[in-house]
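Colleague: Data: structure_34.txt, compact mmCIF, C-alpha atoms and all ligand atoms.
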```txt
# COMPACT_ATOMS: atom_id res chain seq x y z
CA MET A 1 -0.15 183.61 58.10
CA ALA A 2 1.18 181.50 60.98
CA LYS A 3 4.85 180.60 60.71
CA GLN A 4 5.77 176.94 61.00
CA ILE A 5 8.07 176.11 63.88
CA LEU A 6 9.41 172.57 63.90
CA ILE A 7 11.09 171.27 67.04
CA LEU A 8 13.16 168.10 66.74
CA GLY A 9 13.31 166.27 70.06
CA GLY A 10 10.98 166.06 73.03
CA GLY A 11 13.67 165.90 75.71
CA TYR A 12 14.69 168.72 78.05
CA GLY A 13 15.74 171.13 75.27
CA GLY A 14 12.87 170.38 72.90
CA LEU A 15 10.04 170.36 75.42
CA LEU A 16 11.20 173.56 77.11
CA SER A 17 11.62 175.26 73.70
CA ALA A 18 8.08 174.30 72.75
CA LEU A 19 6.45 175.40 76.01
CA THR A 20 8.41 178.66 76.16
CA THR A 21 7.64 179.52 72.53
CA ARG A 22 3.96 178.98 73.21
CA GLN A 23 4.18 181.34 76.15
CA HIS A 24 5.13 184.11 73.72
CA LEU A 25 3.45 183.23 70.43
CA SER A 26 -0.21 182.39 69.88
CA ALA A 27 -1.39 179.70 67.47
CA ASP A 28 -2.35 182.46 64.99
CA GLU A 29 1.25 183.62 64.97
CA ALA A 30 3.01 180.26 64.84
CA SER A 31 2.19 176.59 64.47
CA ILE A 32 4.47 174.42 66.58
CA THR A 33 5.22 170.76 65.91
CA VAL A 34 7.38 168.63 68.20
CA VAL A 35 8.89 165.48 66.71
CA ASN A 36 10.09 162.81 69.10
CA ARG A 37 11.08 159.19 68.64
CA PHE A 38 9.15 158.16 71.77
CA PRO A 39 5.66 159.21 72.85
CA THR A 40 7.14 160.24 76.20
CA HIS A 41 9.30 163.00 77.65
CA GLN A 42 11.94 160.95 79.46
CA ILE A 43 13.60 162.08 82.67
CA ILE A 44 16.91 160.54 81.65
CA THR A 45 18.69 161.80 84.77
CA GLU A 46 16.73 159.15 86.69
CA LEU A 47 17.23 156.18 84.36
CA HIS A 48 19.73 154.52 86.71
CA ARG A 49 16.94 154.17 89.25
CA LEU A 50 14.59 152.63 86.71
CA ALA A 51 17.37 150.21 85.67
CA ALA A 52 17.52 148.99 89.27
CA GLY A 53 13.77 148.88 89.81
CA ASN A 54 13.97 151.73 92.33
CA LEU A 55 11.42 153.84 90.47
CA SER A 56 8.37 153.17 88.37
CA GLU A 57 8.41 153.74 84.63
CA LYS A 58 5.63 156.29 84.87
CA ALA A 59 7.83 158.50 87.05
CA VAL A 60 10.42 158.86 84.28
CA ALA A 61 8.33 158.56 81.10
CA LEU A 62 5.82 161.40 80.98
CA PRO A 63 3.39 161.17 78.05
CA LEU A 64 4.12 164.09 75.72
CA GLU A 65 0.55 164.06 74.51
CA LYS A 66 -0.57 164.87 78.04
CA LEU A 67 2.17 167.48 78.60
CA LEU A 68 1.28 169.30 75.39
CA ARG A 69 -2.50 168.90 75.55
CA GLY A 70 -4.47 172.13 75.13
CA LYS A 71 -1.38 174.10 74.06
CA ASN A 72 -1.88 174.00 70.30
CA ILE A 73 1.37 172.12 69.94
CA ASP A 74 1.30 169.24 67.47
CA LEU A 75 3.13 166.06 68.29
CA LYS A 76 4.60 163.71 65.72
CA ILE A 77 6.15 160.45 66.86
CA GLY A 78 8.95 159.44 64.53
CA SER A 79 12.71 159.21 64.14
CA VAL A 80 14.44 162.09 62.42
CA GLN A 81 16.52 160.67 59.60
CA GLU A 82 17.74 163.72 57.74
CA ILE A 83 17.79 167.47 58.17
CA SER A 84 18.08 169.48 54.94
CA PRO A 85 18.56 173.04 56.19
CA ASP A 86 18.94 174.54 52.72
CA GLU A 87 15.57 173.06 51.66
CA HIS A 88 13.93 173.85 55.02
CA GLN A 89 12.90 170.24 55.25
CA VAL A 90 13.22 167.34 57.68
CA SER A 91 12.74 163.68 56.72
CA LEU A 92 11.58 161.05 59.17
CA ALA A 93 12.40 157.33 59.04
CA ASP A 94 8.79 156.53 58.04
CA GLY A 95 9.20 158.67 54.89
CA THR A 96 7.31 161.72 56.21
CA LYS A 97 8.72 165.07 55.05
CA LEU A 98 8.16 168.10 57.27
CA ASN A 99 8.74 171.69 56.18
CA TYR A 100 9.51 174.60 58.45
CA ASP A 101 10.11 178.32 58.63
CA LEU A 102 12.09 177.98 61.85
CA LEU A 103 13.75 174.84 63.12
CA VAL A 104 14.85 173.85 66.62
CA VAL A 105 17.26 170.94 66.79
CA ALA A 106 17.24 169.32 70.22
CA LEU A 107 18.08 165.71 69.41
CA GLY A 108 20.42 165.09 72.31
CA SER A 109 23.60 163.06 72.19
CA GLU A 110 24.57 159.49 71.31
CA THR A 111 26.73 156.98 73.10
CA ALA A 112 30.40 157.25 72.09
CA TYR A 113 32.03 153.85 71.56
CA PHE A 114 35.44 155.28 70.50
CA GLY A 115 35.82 152.47 67.96
CA ILE A 116 36.39 149.88 70.72
CA PRO A 117 35.89 146.50 69.02
CA GLY A 118 32.73 144.62 69.95
CA LEU A 119 31.50 147.24 72.39
CA GLN A 120 28.49 148.51 70.48
CA GLU A 121 27.37 144.96 69.62
CA HIS A 122 27.75 143.43 73.08
CA SER A 123 27.12 146.13 75.66
CA PHE A 124 24.09 147.71 77.24
CA ILE A 125 23.60 151.46 77.40
CA LEU A 126 21.45 153.76 79.50
CA LYS A 127 20.06 156.43 77.23
CA SER A 128 16.32 155.73 77.27
CA VAL A 129 13.52 154.13 79.27
CA ASP A 130 13.67 151.10 76.97
CA ASP A 131 17.41 150.73 77.67
CA ALA A 132 16.78 150.88 81.42
CA ASN A 133 13.95 148.32 81.26
CA ARG A 134 16.05 145.99 79.11
CA LEU A 135 18.95 146.24 81.52
CA ARG A 136 16.84 145.59 84.62
CA GLU A 137 15.22 142.50 83.10
CA HIS A 138 18.59 141.21 81.87
CA VAL A 139 20.35 141.64 85.23
CA GLU A 140 17.54 139.86 87.02
CA SER A 141 17.58 136.99 84.52
CA CYS A 142 21.38 136.67 84.93
CA ILE A 143 21.11 136.41 88.73
CA GLY A 144 18.29 133.86 88.28
CA GLU A 145 20.47 131.92 85.85
CA TYR A 146 23.48 132.16 88.18
CA SER A 147 21.50 130.51 90.98
CA GLN A 148 21.17 127.45 88.71
CA THR A 149 24.46 127.39 86.79
CA LYS A 150 27.00 129.20 89.05
CA ASN A 151 28.42 130.47 85.76
CA LYS A 152 30.80 133.37 86.51
CA ALA A 153 29.62 135.38 83.48
CA ASP A 154 26.03 135.35 84.84
CA GLY A 155 27.17 136.53 88.25
CA THR A 156 29.36 139.41 87.05
CA ILE A 157 28.22 142.91 86.15
CA VAL A 158 30.61 145.45 84.68
CA VAL A 159 29.96 149.16 84.35
CA GLY A 160 32.47 150.59 81.86
CA GLY A 161 33.15 154.28 82.47
CA GLY A 162 33.16 155.89 85.91
CA GLY A 163 31.66 159.27 85.04
CA LEU A 164 28.43 160.35 86.71
CA THR A 165 26.30 158.01 84.60
CA GLY A 166 28.43 154.99 85.52
CA ILE A 167 28.74 155.89 89.21
CA GLU A 168 25.02 156.54 89.66
CA LEU A 169 24.23 153.24 87.97
CA VAL A 170 26.76 151.17 89.89
CA GLY A 171 25.41 152.69 93.12
CA GLU A 172 21.90 151.54 92.29
CA PHE A 173 23.13 148.06 91.36
CA ALA A 174 25.06 147.86 94.65
CA ASP A 175 21.83 148.49 96.55
CA LEU A 176 19.75 146.21 94.36
CA MET A 177 22.04 143.18 94.54
CA PRO A 178 21.38 141.99 98.12
CA GLN A 179 17.65 142.02 97.49
CA LEU A 180 17.94 140.29 94.10
CA CYS A 181 20.29 137.67 95.53
CA ARG A 182 17.84 136.92 98.36
CA LYS A 183 15.05 136.48 95.83
CA TYR A 184 17.05 133.84 93.91
CA GLY A 185 18.77 132.23 96.89
CA VAL A 186 22.24 133.40 95.83
CA ASP A 187 25.00 134.30 98.28
CA HIS A 188 25.53 138.01 97.65
CA LYS A 189 29.31 137.61 98.08
CA GLU A 190 29.45 135.40 94.99
CA ILE A 191 28.30 138.25 92.73
CA SER A 192 30.91 140.62 91.26
CA LEU A 193 30.10 144.23 90.49
CA TYR A 194 32.89 146.16 88.73
CA CYS A 195 33.33 149.76 87.72
CA VAL A 196 36.13 150.10 85.17
CA GLU A 197 37.53 153.57 84.51
CA ALA A 198 40.28 154.64 82.09
CA ALA A 199 41.30 157.75 84.04
CA PRO A 200 43.38 157.48 87.24
CA THR A 201 40.24 157.95 89.35
CA VAL A 202 36.51 157.72 88.84
CA LEU A 203 34.57 160.97 88.46
CA PRO A 204 37.39 162.84 86.74
CA GLY A 205 37.08 166.55 87.46
CA PHE A 206 35.32 166.08 90.80
CA PRO A 207 37.09 167.30 93.97
CA ALA A 208 39.38 164.56 95.35
CA GLU A 209 37.52 164.43 98.66
CA LEU A 210 34.24 163.60 96.93
CA VAL A 211 35.88 161.01 94.67
CA GLU A 212 37.28 159.35 97.78
CA ARG A 213 33.89 159.46 99.44
CA ALA A 214 32.21 157.89 96.38
CA GLN A 215 34.76 155.07 96.21
CA THR A 216 34.59 154.34 99.93
CA SER A 217 30.82 154.37 100.01
CA LEU A 218 30.48 152.10 96.97
CA SER A 219 33.34 149.74 97.91
CA ALA A 220 31.63 149.15 101.26
CA ARG A 221 28.61 147.90 99.32
CA GLY A 222 30.65 145.51 97.17
CA VAL A 223 31.70 147.57 94.14
CA GLU A 224 35.16 146.69 92.85
CA PHE A 225 36.94 149.60 91.16
CA ILE A 226 39.50 149.15 88.40
CA THR A 227 40.92 152.57 87.58
CA GLY A 228 43.58 153.80 85.18
CA THR A 229 42.62 150.89 82.95
CA PRO A 230 40.66 151.40 79.73
CA VAL A 231 38.27 148.85 78.30
CA THR A 232 39.87 147.79 75.01
CA LYS A 233 37.63 145.06 73.60
CA MET A 234 34.32 143.37 74.18
CA GLU A 235 33.47 139.78 73.28
CA PRO A 236 29.93 138.37 73.65
CA PHE A 237 30.67 137.21 77.22
CA ALA A 238 33.93 138.93 78.20
CA VAL A 239 35.45 142.40 78.58
CA GLU A 240 39.12 142.90 77.82
CA LEU A 241 41.12 145.57 79.61
CA LYS A 242 44.30 147.36 78.56
CA ASP A 243 46.37 145.67 81.26
CA GLY A 244 45.60 142.28 79.69
CA ARG A 245 42.90 141.28 82.15
CA THR A 246 39.70 139.66 80.90
CA ILE A 247 36.48 139.78 82.90
CA GLU A 248 33.88 137.16 82.04
CA THR A 249 30.47 138.77 81.99
CA LYS A 250 27.12 138.73 80.26
CA THR A 251 26.41 142.27 81.49
CA MET A 252 28.64 145.08 80.36
CA VAL A 253 26.99 148.49 80.64
CA TRP A 254 28.86 151.07 78.62
CA THR A 255 28.78 154.51 80.23
CA GLY A 256 32.08 155.67 78.74
CA GLY A 257 30.90 158.93 77.21
CA VAL A 258 28.65 160.71 74.76
CA GLN A 259 29.09 162.39 71.38
CA GLY A 260 27.03 164.64 69.11
CA ASN A 261 23.99 163.32 67.31
CA SER A 262 24.94 161.84 63.93
CA VAL A 263 21.84 163.29 62.18
CA VAL A 264 23.08 166.76 63.15
CA ALA A 265 26.68 165.93 62.25
CA ASN A 266 25.58 164.91 58.73
CA SER A 267 23.05 167.71 58.15
CA GLY A 268 25.23 170.39 56.60
CA ILE A 269 24.71 172.60 59.67
CA GLU A 270 28.13 173.83 60.83
CA VAL A 271 29.46 171.47 63.50
CA ASN A 272 32.48 170.96 65.71
CA ARG A 273 33.13 167.26 66.42
CA GLY A 274 29.56 166.46 65.46
CA ARG A 275 27.91 169.09 67.66
CA ALA A 276 26.34 172.17 66.07
CA LEU A 277 28.13 175.46 66.52
CA VAL A 278 25.92 178.27 67.80
CA ASN A 279 26.18 181.99 68.39
CA GLU A 280 25.31 183.67 71.69
CA PHE A 281 21.61 183.44 70.81
CA LEU A 282 21.82 179.64 70.26
CA GLN A 283 21.36 180.12 66.55
CA SER A 284 23.31 177.92 64.17
CA THR A 285 26.42 179.72 62.94
CA SER A 286 25.65 178.56 59.40
CA HIS A 287 21.83 178.76 59.26
CA GLN A 288 20.09 181.61 61.05
CA ASP A 289 16.67 179.94 60.90
CA VAL A 290 17.99 176.94 62.86
CA PHE A 291 18.22 177.15 66.66
CA LEU A 292 19.81 174.55 68.92
CA ALA A 293 19.06 173.31 72.42
CA GLY A 294 20.77 170.65 74.49
CA ASP A 295 23.55 168.19 73.68
CA SER A 296 23.11 168.55 69.89
CA ALA A 297 24.95 171.87 70.20
CA VAL A 298 28.28 172.85 71.62
CA VAL A 299 28.26 176.04 73.67
CA MET A 300 31.65 177.51 74.45
CA GLY A 301 32.27 178.96 77.89
CA PRO A 302 34.25 182.17 78.44
CA GLU A 303 37.57 180.25 78.60
CA GLY A 304 36.90 178.74 75.18
CA ARG A 305 36.09 175.33 76.69
CA PRO A 306 32.75 173.70 75.87
CA TYR A 307 30.13 173.56 78.59
CA PRO A 308 29.32 169.97 79.66
CA PRO A 309 26.33 168.28 78.02
CA THR A 310 23.97 168.24 81.00
CA ALA A 311 20.23 168.24 81.56
CA GLN A 312 20.30 171.55 83.43
CA LEU A 313 21.99 173.23 80.48
CA ALA A 314 19.62 171.65 77.94
CA TRP A 315 16.64 172.89 79.89
CA GLN A 316 18.02 176.46 80.11
CA MET A 317 18.95 176.43 76.42
CA GLY A 318 15.39 175.37 75.57
CA GLU A 319 13.99 178.38 77.37
CA THR A 320 16.38 180.80 75.69
CA VAL A 321 15.58 179.28 72.31
CA GLY A 322 11.84 179.54 73.01
CA TYR A 323 12.17 183.25 73.71
CA ASN A 324 14.53 183.84 70.79
CA LEU A 325 12.16 182.22 68.28
CA PHE A 326 9.58 184.79 69.34
CA ALA A 327 12.08 187.68 69.18
CA TYR A 328 13.37 186.52 65.78
CA LEU A 329 9.89 186.28 64.29
CA LYS A 330 8.81 189.63 65.73
CA GLY A 331 12.04 191.38 64.77
CA GLY A 332 12.85 192.00 68.45
CA THR A 333 16.12 191.70 70.36
CA MET A 334 17.17 188.14 71.04
CA GLU A 335 18.41 187.09 74.46
CA GLU A 336 22.01 185.96 74.99
CA PHE A 337 22.37 182.53 76.51
CA THR A 338 23.84 182.88 79.99
CA PRO A 339 23.82 179.54 81.76
CA VAL A 340 23.29 179.33 85.49
CA PHE A 341 25.16 176.45 87.11
CA SER A 342 23.30 175.44 90.20
CA GLY A 343 25.74 172.61 90.88
CA THR A 344 26.29 168.92 90.20
CA LEU A 345 24.76 166.19 92.28
CA GLY A 346 25.36 162.49 91.84
CA SER A 347 23.65 159.70 93.70
CA LEU A 348 25.63 156.79 95.13
CA GLY A 349 22.65 154.48 95.44
CA ARG A 350 19.44 154.83 97.37
CA LYS A 351 20.77 156.50 100.49
CA ASP A 352 23.97 158.30 99.60
CA ALA A 353 25.05 161.04 97.24
CA ILE A 354 27.75 163.62 96.62
CA GLY A 355 27.62 166.99 95.01
CA THR A 356 29.07 170.41 94.54
CA ILE A 357 27.31 173.72 94.47
CA GLY A 358 28.68 177.09 93.41
CA GLY A 359 31.47 175.87 91.10
CA ASN A 360 33.01 173.20 93.37
CA LYS A 361 33.17 175.66 96.30
CA THR A 362 30.63 173.91 98.51
CA GLN A 363 30.80 170.16 98.76
CA LEU A 364 27.90 168.01 99.85
CA LYS A 365 27.94 164.40 101.03
CA GLY A 366 25.33 161.97 102.31
CA LEU A 367 21.85 163.07 103.29
CA PRO A 368 22.15 166.76 102.33
CA ALA A 369 23.34 165.75 98.85
CA SER A 370 20.59 163.10 98.52
CA LEU A 371 17.96 165.64 99.55
CA MET A 372 19.32 168.28 97.16
CA LYS A 373 19.30 165.74 94.35
CA GLU A 374 15.70 164.80 95.07
CA ALA A 375 14.80 168.50 95.31
CA SER A 376 16.35 169.22 91.92
CA ASN A 377 14.16 166.53 90.31
CA VAL A 378 11.05 167.93 91.95
CA ARG A 379 12.10 171.42 90.90
CA TYR A 380 12.34 170.38 87.26
CA LEU A 381 8.91 168.73 87.29
CA SER A 382 7.25 171.70 88.96
CA HIS A 383 9.05 174.02 86.55
CA ILE A 384 7.58 172.34 83.46
CA LYS A 385 4.19 172.30 85.16
CA GLY A 386 4.54 176.06 85.75
CA LEU A 387 5.52 176.71 82.15
CA PHE A 388 2.59 174.62 81.04
CA SER A 389 0.15 176.77 82.95
CA LEU A 390 1.69 179.94 81.50
CA ALA A 391 1.63 178.85 77.85
CA TYR A 392 -1.22 180.09 75.61
P1 LIG B 401 31.45 161.16 80.90
O1 LIG B 401 32.14 161.46 79.62
O2 LIG B 401 31.28 162.22 81.89
O3 LIG B 401 32.17 159.93 81.63
C1 LIG B 401 32.65 158.83 80.91
C2 LIG B 401 33.76 158.16 81.69
O4 LIG B 401 34.18 157.01 80.97
C3 LIG B 401 34.98 159.06 81.87
O5 LIG B 401 35.34 159.07 83.22
C4 LIG B 401 36.02 158.41 80.99
O6 LIG B 401 37.34 158.55 81.48
C5 LIG B 401 35.58 156.94 81.01
N1 LIG B 401 36.07 156.19 79.84
C6 LIG B 401 36.16 156.61 78.55
N2 LIG B 401 36.68 155.62 77.79
C7 LIG B 401 36.90 154.57 78.59
C8 LIG B 401 37.41 153.25 78.39
N3 LIG B 401 37.81 152.81 77.20
N4 LIG B 401 37.45 152.42 79.45
C9 LIG B 401 37.06 152.83 80.68
N5 LIG B 401 36.60 154.06 80.93
C10 LIG B 401 36.49 154.91 79.91
O7 LIG B 401 30.02 160.53 80.46
P2 LIG B 401 28.70 160.39 81.34
O8 LIG B 401 28.99 159.89 82.68
O9 LIG B 401 27.75 159.62 80.50
O10 LIG B 401 28.19 161.88 81.46
C11 LIG B 401 27.86 162.66 80.28
C12 LIG B 401 27.52 164.06 80.72
O11 LIG B 401 26.29 164.04 81.47
C13 LIG B 401 28.56 164.69 81.63
O12 LIG B 401 28.64 166.06 81.36
C14 LIG B 401 28.01 164.45 83.00
O13 LIG B 401 28.46 165.39 83.97
C15 LIG B 401 26.51 164.55 82.76
N6 LIG B 401 25.76 163.75 83.76
C16 LIG B 401 25.35 164.39 84.87
C17 LIG B 401 24.68 163.67 85.83
C18 LIG B 401 24.25 164.39 87.09
O14 LIG B 401 24.34 165.62 87.13
N7 LIG B 401 23.82 163.68 88.11
C19 LIG B 401 24.43 162.30 85.67
C20 LIG B 401 24.87 161.68 84.51
C21 LIG B 401 25.54 162.42 83.55
```
Taking this structure as input, can you express it in the form of structure tokens?
Modeller:
Amino acid sequence: MAKQILILGGGYGGLLSALTTRQHLSADEASITVVNRFPTHQIITELHRLAAGNLSEKAVALPLEKLLRGKNIDLKIGSVQEISPDEHQVSLADGTKLNYDLLVVALGSETAYFGIPGLQEHSFILKSVDDANRLREHVESCIGEYSQTKNKADGTIVVGGGGLTGIELVGEFADLMPQLCRKYGVDHKEISLYCVEAAPTVLPGFPAELVERAQTSLSARGVEFITGTPVTKMEPFAVELKDGRTIETKTMVWTGGVQGNSVVANSGIEVNRGRALVNEFLQSTSHQDVFLAGDSAVVMGPEGRPYPPTAQLAWQMGETVGYNLFAYLKGGTMEEFTPVFSGTLGSLGRKDAIGTIGGNKTQLKGLPASLMKEASNVRYLSHIKGLFSLAY
């Protein structure tokens, strides 16, 4: 009888697990169900562009139904509410209960608010297509409003957190602003665009030369950096900083970090700071019939430090999990997860980017980095297309 494989999440980890499993196991051997809260596979690495209207929604929201069509993979749209690993059962918010023989948890991460008062209630985030659409519409309405009222809070945008998410977003906003201001007859110089970062510089961990390049490039397009200064409080129309400053704004985008998924943290699966602990085969350390892909898990590198929660890692984990489900069911040898780091590339708006390849050894700036970044997106899309054609 076919085993039931249940895959929670249709992001990078979940989709790649599903397609890879189907490459190795026929429908007679295993039924596969993917559960996702949206009907689309979202290219979240490109959300900053959607938030600035620099990309169409259909480029970043690929219908899962279409991606999985003809592959004997069932799709269930719903929000996972509870995982009961000892009962081999998953509950969805709509009351549906799903049973499994093997479970893949690939639910991604959540925004970390670090208990900062008012932040969750009054800030925007950039974790989904809906978030990006909401943000784009809001920013445009604020600039429209500013043209009438000249209210400072309408004309001020704050990005809180200068990691890659924050920098890529602020870069897109910097390029969007002149065009938006023209549309509403606003003098571009009257609009303030801040990036607030707690650490001494933005992009902590990046080589100093690239940090400098990012700041210079973005400052030249009107971004004001406030570094070494944490956000400490958020009111409906104002951000408070640790140095006592208050910035009036109706648009605070919080890009200050991510944490494990709370459904996973509360599931009874062994976790470390909310992220599931896994062995070298990406199997839960507490439940051998539960496999993990993407940000829901924490994978320790050789120096005992966790690997960063990135799309490229999630995608590779999904493929290892897909193969290991097959090996586990067939009693074969599972594959160890050995990540390949092709590099990190961050855009600085429409025409500039920075990046490192080969563990910070080679640095890229400007056009080569922009082209590499574009190429890595294309590579991902052609990769899933390739997997699709290989699956049963
Ligand atoms: P992050 O944790 O990398 O960055 C968050 C930033 O917010 C940090 O610089 C932190 O110092 C700052 N911060 C935290 N608290 C703050 C406070 N109170 N006030 C001001 N600043 C504060 O988070 P991210 O940028 O969302 O990235 C998450 C992961 O995804 C990372 O591993 C990142 O490398 C990856 N990512 C990669 C890409 C890419 O490859 N292009 C793009 C986006 C994200």
Colleague: Within 6 Å of region 283-299 of chain A, counting only C-alpha atoms, which residues qualify if same-chain residues fewer than 2 places away don't, as a PDB file with C-alpha atoms, keeping the file's coordinate frame?
Modeller:
```pdb
ATOM      1  CA  GLY A  13      15.740 171.130  75.270  1.00  0.00           C
ATOM      2  CA  LEU A 102      12.090 177.980  61.850  1.00  0.00           C
ATOM      3  CA  LEU A 103      13.750 174.840  63.120  1.00  0.00           C
ATOM      4  CA  VAL A 104      14.850 173.850  66.620  1.00  0.00           C
ATOM      5  CA  VAL A 105      17.260 170.940  66.790  1.00  0.00           C
ATOM      6  CA  ALA A 106      17.240 169.320  70.220  1.00  0.00           C
ATOM      7  CA  LEU A 107      18.080 165.710  69.410  1.00  0.00           C
ATOM      8  CA  GLY A 108      20.420 165.090  72.310  1.00  0.00           C
ATOM      9  CA  SER A 109      23.600 163.060  72.190  1.00  0.00           C
ATOM     10  CA  GLY A 260      27.030 164.640  69.110  1.00  0.00           C
ATOM     11  CA  ASN A 261      23.990 163.320  67.310  1.00  0.00           C
ATOM     12  CA  GLU A 270      28.130 173.830  60.830  1.00  0.00           C
ATOM     13  CA  ARG A 275      27.910 169.090  67.660  1.00  0.00           C
ATOM     14  CA  ALA A 276      26.340 172.170  66.070  1.00  0.00           C
ATOM     15  CA  LEU A 277      28.130 175.460  66.520  1.00  0.00           C
ATOM     16  CA  VAL A 278      25.920 178.270  67.800  1.00  0.00           C
ATOM     17  CA  ASN A 279      26.180 181.990  68.390  1.00  0.00           C
ATOM     18  CA  PHE A 281      21.610 183.440  70.810  1.00  0.00           C
ATOM     19  CA  PRO A 306      32.750 173.700  75.870  1.00  0.00           C
ATOM     20  CA  TYR A 307      30.130 173.560  78.590  1.00  0.00           C
ATOM     21  CA  PRO A 309      26.330 168.280  78.020  1.00  0.00           C
ATOM     22  CA  ALA A 314      19.620 171.650  77.940  1.00  0.00           C
ATOM     23  CA  MET A 317      18.950 176.430  76.420  1.00  0.00           C
ATOM     24  CA  GLY A 318      15.390 175.370  75.570  1.00  0.00           C
TER      25      GLY A 318
END
```
Colleague: Here is a test: counting all atoms listed in the file, which residue of A:Glu336, A:Asp154, A:Glu82, A:Glu240 is nearest to ligand LIG 401 (chain B)?
Modeller: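 Checking each candidate against ligand LIG 401 (chain B), we get A:Glu240 as the closest.
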Colleague: For each of A:Ala112, A:Leu6, A:Val139, A:Leu62, take the minimum atom-to-atom distance to Leu193 (chain A), counting only C-alpha atoms, then give the residue where this is smallest.
Modeller: A:Val139
Colleague: Compute the set of protein, DNA and RNA residues whose minimum atom distance to ligand LIG 401 (chain B) is at most 9 Å, using all atoms listed in the file, and state it as a ChimeraX atom specification.
Modeller: /A:44-46,111-114,116,126-127,159-168,195-205,226-233,241-242,254-259,307-312,343-347,355,373
Colleague: Find the residue from A:Leu67, A:Met300, A:Ile384, A:Ala238 that sits nearest to Gly118 (chain A); use only C-alpha atoms when measuring.
Modeller: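 Closest candidate: A:Ala238.
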Colleague: Excluding Ser219 (chain A) and its own-chain neighbours fewer than 4 positions away, which residues fall within 10 Å of it when counting only C-alpha atoms? Please give them as a ChimeraX atom specification.
Modeller: /A:171,174,193-194,213-215,223-225
Colleague: Go ahead and fit an axis-aligned box to every listed atom of region 380-384 of chain A plus 6 Å each side, and pass me the centre and edge lengths in Å, one decimal, as JSON.
Modeller:
```
{"center_x": 9.8, "center_y": 171.4, "center_z": 86.2, "size_x": 17.1, "size_y": 17.3, "size_z": 17.5}
```
Colleague: Please compute the CA of Phe124 (chain A)-CA of Gly11 (chain A) distance, one decimal, in Å.
Modeller: 21.0 Å
Colleague: Env of Thr33 (chain A): 8 Å cut, atoms = all atoms listed in the file, seq-sep filter 3 positions within chain, self excluded. Answer as a PDB file with C-alpha atoms, in the frame of the given file.
Modeller:
```
ATOM      1  CA  GLN A   4       5.770 176.940  61.000  1.00  0.00           C
ATOM      2  CA  ILE A   5       8.070 176.110  63.880  1.00  0.00           C
ATOM      3  CA  LEU A   6       9.410 172.570  63.900  1.00  0.00           C
ATOM      4  CA  ILE A   7      11.090 171.270  67.040  1.00  0.00           C
ATOM      5  CA  ILE A  73       1.370 172.120  69.940  1.00  0.00           C
ATOM      6  CA  ASP A  74       1.300 169.240  67.470  1.00  0.00           C
ATOM      7  CA  LEU A  75       3.130 166.060  68.290  1.00  0.00           C
ATOM      8  CA  LYS A  76       4.600 163.710  65.720  1.00  0.00           C
TER       9      LYS A  76
END
```
Colleague: How many Å separate CA of Leu50 (chain A) from CA of Gly9 (chain A)?
Modeller: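 CA of Leu50 (chain A) sits 21.6 Å away from CA of Gly9 (chain A).
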Colleague: Taking into account only C-alpha atoms, which residue in the set A:Leu325, A:Leu313, A:Val170, A:Leu15 is nearest to Val253 (chain A)?
Modeller: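 Using only C-alpha atoms, the shortest distance to Val253 (chain A) belongs to A:Val170.
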Colleague: Go through A:Gly268, A:Gly222, A:Gly53, A:Gly14 and flag the residue nearest Asn36 (chain A), using all atoms listed in the file for the distances.
Modeller: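 Once distances to Asn36 (chain A) are computed over all atoms listed in the file, the minimum belongs to A:Gly14.
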